[in-house]
Amino acid sequence: MDPQLTSPYRQQLLAMRASLLEQLALQRGGMVSRADAQGRAPQPEDSRAQSATERELAYALDERETAEVAAIDAALKRIDAGTYGECTACGTDIPTARLHAAPEAERCIRCQEIAEHQHA
């Protein structure tokens, strides 16, 4: 993809990355807990199971956000390498509409569906 065409994607990816890193810093730094972010502080009557579930949810969300940052970093590397917009699986061009919706996308829709089916 032409470097002039990738500039808006780079800016969008950098903004997404900054936002995710800010969220992760808040969560990991203990400045804002998941319960506080949801407007609910833990209550003394909360069961151990409920507390454990909330911790597991927070961990899963943290993992997902970390994976999103990695996907964004990979997309930025593809921009630098000049391969952004090409499916990493089959090499075809990823449709512009897909890149607008998910600028970190590394696969075309067909290959993404195959990958998701294999991991299901």
# chains A, B, ... in the order shown; residues from 1 in each chain; ligands from 1
$ residues_around --residues "Leu20 of chain A" --least-positions-apart "6" --cutoff "10 Å" --atoms "only C-alpha atoms" --output "PDB file with N, CA and C atoms, in the first residue's frame"
ATOM      1  N   LEU A  14      -1.794   4.477  16.182  1.00  0.00           N
ATOM      2  CA  LEU A  14      -1.068   5.096  17.291  1.00  0.00           C
ATOM      3  C   LEU A  14      -2.029   5.607  18.362  1.00  0.00           C
ATOM      4  N   LEU A  26      -3.526   2.117  34.088  1.00  0.00           N
ATOM      5  CA  LEU A  26      -4.465   2.351  35.182  1.00  0.00           C
ATOM      6  C   LEU A  26      -4.806   1.048  35.896  1.00  0.00           C
ATOM      7  N   ASP A  62      -7.437  -7.811  30.804  1.00  0.00           N
ATOM      8  CA  ASP A  62      -6.053  -7.361  30.719  1.00  0.00           C
ATOM      9  C   ASP A  62      -5.322  -8.126  29.617  1.00  0.00           C
ATOM     10  N   GLU A  65      -6.517  -6.842  26.200  1.00  0.00           N
ATOM     11  CA  GLU A  65      -5.952  -5.539  25.872  1.00  0.00           C
ATOM     12  C   GLU A  65      -4.473  -5.652  25.517  1.00  0.00           C
ATOM     13  N   THR A  66      -3.752  -6.536  26.203  1.00  0.00           N
ATOM     14  CA  THR A  66      -2.342  -6.762  25.883  1.00  0.00           C
ATOM     15  C   THR A  66      -2.205  -7.348  24.482  1.00  0.00           C
ATOM     16  N   GLU A  68      -4.315  -6.902  22.051  1.00  0.00           N
ATOM     17  CA  GLU A  68      -4.662  -5.833  21.112  1.00  0.00           C
ATOM     18  C   GLU A  68      -3.463  -4.914  20.863  1.00  0.00           C
ATOM     19  N   VAL A  69      -2.722  -4.601  21.914  1.00  0.00           N
ATOM     20  CA  VAL A  69      -1.526  -3.764  21.750  1.00  0.00           C
ATOM     21  C   VAL A  69      -0.521  -4.485  20.845  1.00  0.00           C
TER      22      VAL A  69
END
$ select_by_dssp --residues "segment 43-106 of chain A" --states "alpha helix (DSSP H)" --output "PDB file with N, CA and C atoms, in the first residue's frame"
ATOM      1  N   ARG A  48     -16.950 -15.097  48.010  1.00  0.00           N
ATOM      2  CA  ARG A  48     -15.605 -15.379  47.504  1.00  0.00           C
ATOM      3  C   ARG A  48     -15.677 -15.736  46.025  1.00  0.00           C
ATOM      4  N   ALA A  49     -16.714 -16.467  45.648  1.00  0.00           N
ATOM      5  CA  ALA A  49     -16.870 -16.846  44.248  1.00  0.00           C
ATOM      6  C   ALA A  49     -17.052 -15.609  43.373  1.00  0.00           C
ATOM      7  N   GLN A  50     -17.850 -14.665  43.854  1.00  0.00           N
ATOM      8  CA  GLN A  50     -18.070 -13.442  43.096  1.00  0.00           C
ATOM      9  C   GLN A  50     -16.768 -12.658  42.980  1.00  0.00           C
ATOM     10  N   SER A  51     -16.029 -12.551  44.050  1.00  0.00           N
ATOM     11  CA  SER A  51     -14.751 -11.842  44.019  1.00  0.00           C
ATOM     12  C   SER A  51     -13.771 -12.529  43.078  1.00  0.00           C
ATOM     13  N   ALA A  52     -13.735 -13.863  43.127  1.00  0.00           N
ATOM     14  CA  ALA A  52     -12.840 -14.622  42.242  1.00  0.00           C
ATOM     15  C   ALA A  52     -13.238 -14.416  40.781  1.00  0.00           C
ATOM     16  N   THR A  53     -14.530 -14.411  40.529  1.00  0.00           N
ATOM     17  CA  THR A  53     -15.017 -14.201  39.163  1.00  0.00           C
ATOM     18  C   THR A  53     -14.620 -12.829  38.658  1.00  0.00           C
ATOM     19  N   GLU A  54     -14.748 -11.809  39.505  1.00  0.00           N
ATOM     20  CA  GLU A  54     -14.367 -10.460  39.108  1.00  0.00           C
ATOM     21  C   GLU A  54     -12.865 -10.365  38.826  1.00  0.00           C
ATOM     22  N   ARG A  55     -12.053 -11.063  39.638  1.00  0.00           N
ATOM     23  CA  ARG A  55     -10.603 -11.072  39.395  1.00  0.00           C
ATOM     24  C   ARG A  55     -10.288 -11.766  38.070  1.00  0.00           C
ATOM     25  N   GLU A  56     -10.959 -12.882  37.802  1.00  0.00           N
ATOM     26  CA  GLU A  56     -10.733 -13.599  36.544  1.00  0.00           C
ATOM     27  C   GLU A  56     -11.138 -12.748  35.347  1.00  0.00           C
ATOM     28  N   LEU A  57     -12.246 -12.029  35.479  1.00  0.00           N
ATOM     29  CA  LEU A  57     -12.692 -11.153  34.401  1.00  0.00           C
ATOM     30  C   LEU A  57     -11.666 -10.046  34.165  1.00  0.00           C
ATOM     31  N   ALA A  58     -11.177  -9.449  35.222  1.00  0.00           N
ATOM     32  CA  ALA A  58     -10.171  -8.392  35.095  1.00  0.00           C
ATOM     33  C   ALA A  58      -8.916  -8.931  34.415  1.00  0.00           C
ATOM     34  N   TYR A  59      -8.506 -10.154  34.783  1.00  0.00           N
ATOM     35  CA  TYR A  59      -7.324 -10.776  34.176  1.00  0.00           C
ATOM     36  C   TYR A  59      -7.564 -11.026  32.692  1.00  0.00           C
ATOM     37  N   ALA A  60      -8.739 -11.551  32.341  1.00  0.00           N
ATOM     38  CA  ALA A  60      -9.058 -11.833  30.942  1.00  0.00           C
ATOM     39  C   ALA A  60      -9.082 -10.549  30.117  1.00  0.00           C
ATOM     40  N   LEU A  61      -9.657  -9.489  30.674  1.00  0.00           N
ATOM     41  CA  LEU A  61      -9.685  -8.214  29.965  1.00  0.00           C
ATOM     42  C   LEU A  61      -8.281  -7.662  29.787  1.00  0.00           C
ATOM     43  N   ASP A  62      -7.437  -7.811  30.804  1.00  0.00           N
ATOM     44  CA  ASP A  62      -6.053  -7.361  30.719  1.00  0.00           C
ATOM     45  C   ASP A  62      -5.322  -8.126  29.617  1.00  0.00           C
ATOM     46  N   GLU A  63      -5.531  -9.446  29.550  1.00  0.00           N
ATOM     47  CA  GLU A  63      -4.901 -10.255  28.504  1.00  0.00           C
ATOM     48  C   GLU A  63      -5.358  -9.805  27.124  1.00  0.00           C
ATOM     49  N   ARG A  64      -6.649  -9.550  26.995  1.00  0.00           N
ATOM     50  CA  ARG A  64      -7.189  -9.134  25.699  1.00  0.00           C
ATOM     51  C   ARG A  64      -6.584  -7.800  25.277  1.00  0.00           C
ATOM     52  N   GLU A  65      -6.517  -6.842  26.200  1.00  0.00           N
ATOM     53  CA  GLU A  65      -5.952  -5.539  25.872  1.00  0.00           C
ATOM     54  C   GLU A  65      -4.473  -5.652  25.517  1.00  0.00           C
ATOM     55  N   THR A  66      -3.752  -6.536  26.203  1.00  0.00           N
ATOM     56  CA  THR A  66      -2.342  -6.762  25.883  1.00  0.00           C
ATOM     57  C   THR A  66      -2.205  -7.348  24.482  1.00  0.00           C
ATOM     58  N   ALA A  67      -3.080  -8.277  24.127  1.00  0.00           N
ATOM     59  CA  ALA A  67      -3.068  -8.866  22.786  1.00  0.00           C
ATOM     60  C   ALA A  67      -3.400  -7.813  21.729  1.00  0.00           C
ATOM     61  N   GLU A  68      -4.315  -6.902  22.051  1.00  0.00           N
ATOM     62  CA  GLU A  68      -4.662  -5.833  21.112  1.00  0.00           C
ATOM     63  C   GLU A  68      -3.463  -4.914  20.863  1.00  0.00           C
ATOM     64  N   VAL A  69      -2.722  -4.601  21.914  1.00  0.00           N
ATOM     65  CA  VAL A  69      -1.526  -3.764  21.750  1.00  0.00           C
ATOM     66  C   VAL A  69      -0.521  -4.485  20.845  1.00  0.00           C
ATOM     67  N   ALA A  70      -0.362  -5.790  21.035  1.00  0.00           N
ATOM     68  CA  ALA A  70       0.564  -6.566  20.198  1.00  0.00           C
ATOM     69  C   ALA A  70       0.110  -6.547  18.733  1.00  0.00           C
ATOM     70  N   ALA A  71      -1.199  -6.660  18.496  1.00  0.00           N
ATOM     71  CA  ALA A  71      -1.723  -6.629  17.127  1.00  0.00           C
ATOM     72  C   ALA A  71      -1.487  -5.263  16.491  1.00  0.00           C
ATOM     73  N   ILE A  72      -1.651  -4.215  17.272  1.00  0.00           N
ATOM     74  CA  ILE A  72      -1.401  -2.863  16.773  1.00  0.00           C
ATOM     75  C   ILE A  72       0.067  -2.680  16.442  1.00  0.00           C
ATOM     76  N   ASP A  73       0.944  -3.151  17.329  1.00  0.00           N
ATOM     77  CA  ASP A  73       2.384  -3.055  17.075  1.00  0.00           C
ATOM     78  C   ASP A  73       2.768  -3.815  15.804  1.00  0.00           C
ATOM     79  N   ALA A  74       2.157  -4.977  15.597  1.00  0.00           N
ATOM     80  CA  ALA A  74       2.435  -5.758  14.393  1.00  0.00           C
ATOM     81  C   ALA A  74       1.975  -5.002  13.147  1.00  0.00           C
ATOM     82  N   ALA A  75       0.824  -4.344  13.230  1.00  0.00           N
ATOM     83  CA  ALA A  75       0.326  -3.562  12.090  1.00  0.00           C
ATOM     84  C   ALA A  75       1.267  -2.397  11.789  1.00  0.00           C
ATOM     85  N   LEU A  76       1.759  -1.729  12.833  1.00  0.00           N
ATOM     86  CA  LEU A  76       2.710  -0.627  12.624  1.00  0.00           C
ATOM     87  C   LEU A  76       3.997  -1.130  11.974  1.00  0.00           C
ATOM     88  N   LYS A  77       4.434  -2.316  12.349  1.00  0.00           N
ATOM     89  CA  LYS A  77       5.632  -2.902  11.718  1.00  0.00           C
ATOM     90  C   LYS A  77       5.365  -3.222  10.249  1.00  0.00           C
ATOM     91  N   ARG A  78       4.144  -3.679   9.935  1.00  0.00           N
ATOM     92  CA  ARG A  78       3.804  -3.947   8.533  1.00  0.00           C
ATOM     93  C   ARG A  78       3.786  -2.644   7.727  1.00  0.00           C
ATOM     94  N   ILE A  79       3.338  -1.563   8.347  1.00  0.00           N
ATOM     95  CA  ILE A  79       3.373  -0.266   7.664  1.00  0.00           C
ATOM     96  C   ILE A  79       4.826   0.091   7.355  1.00  0.00           C
ATOM     97  N   ASP A  80       5.704  -0.040   8.355  1.00  0.00           N
ATOM     98  CA  ASP A  80       7.122   0.280   8.165  1.00  0.00           C
ATOM     99  C   ASP A  80       7.772  -0.611   7.109  1.00  0.00           C
ATOM    100  N   ALA A  81       7.338  -1.863   7.045  1.00  0.00           N
ATOM    101  CA  ALA A  81       7.915  -2.816   6.096  1.00  0.00           C
ATOM    102  C   ALA A  81       7.319  -2.677   4.695  1.00  0.00           C
ATOM    103  N   THR A  96     -10.226  -2.174   1.810  1.00  0.00           N
ATOM    104  CA  THR A  96     -10.115  -0.912   2.537  1.00  0.00           C
ATOM    105  C   THR A  96     -11.170  -0.812   3.631  1.00  0.00           C
ATOM    106  N   ALA A  97     -12.381  -1.269   3.346  1.00  0.00           N
ATOM    107  CA  ALA A  97     -13.458  -1.209   4.349  1.00  0.00           C
ATOM    108  C   ALA A  97     -13.068  -1.983   5.601  1.00  0.00           C
ATOM    109  N   ARG A  98     -12.403  -3.118   5.440  1.00  0.00           N
ATOM    110  CA  ARG A  98     -11.960  -3.911   6.595  1.00  0.00           C
ATOM    111  C   ARG A  98     -10.893  -3.160   7.374  1.00  0.00           C
ATOM    112  N   LEU A  99      -9.975  -2.528   6.667  1.00  0.00           N
ATOM    113  CA  LEU A  99      -8.913  -1.777   7.346  1.00  0.00           C
ATOM    114  C   LEU A  99      -9.475  -0.560   8.078  1.00  0.00           C
ATOM    115  N   HIS A 100     -10.507   0.051   7.526  1.00  0.00           N
ATOM    116  CA  HIS A 100     -11.140   1.175   8.229  1.00  0.00           C
ATOM    117  C   HIS A 100     -11.796   0.690   9.517  1.00  0.00           C
ATOM    118  N   ALA A 101     -12.428  -0.471   9.450  1.00  0.00           N
ATOM    119  CA  ALA A 101     -13.119  -1.017  10.628  1.00  0.00           C
ATOM    120  C   ALA A 101     -12.140  -1.583  11.642  1.00  0.00           C
TER     121      ALA A 101
END
$ residues_around --residues "Cys111 of chain A" --least-positions-apart "6" --cutoff "9 Å" --atoms "only C-alpha atoms" --output "PyMOL selection string"
chain A and resi 87-90
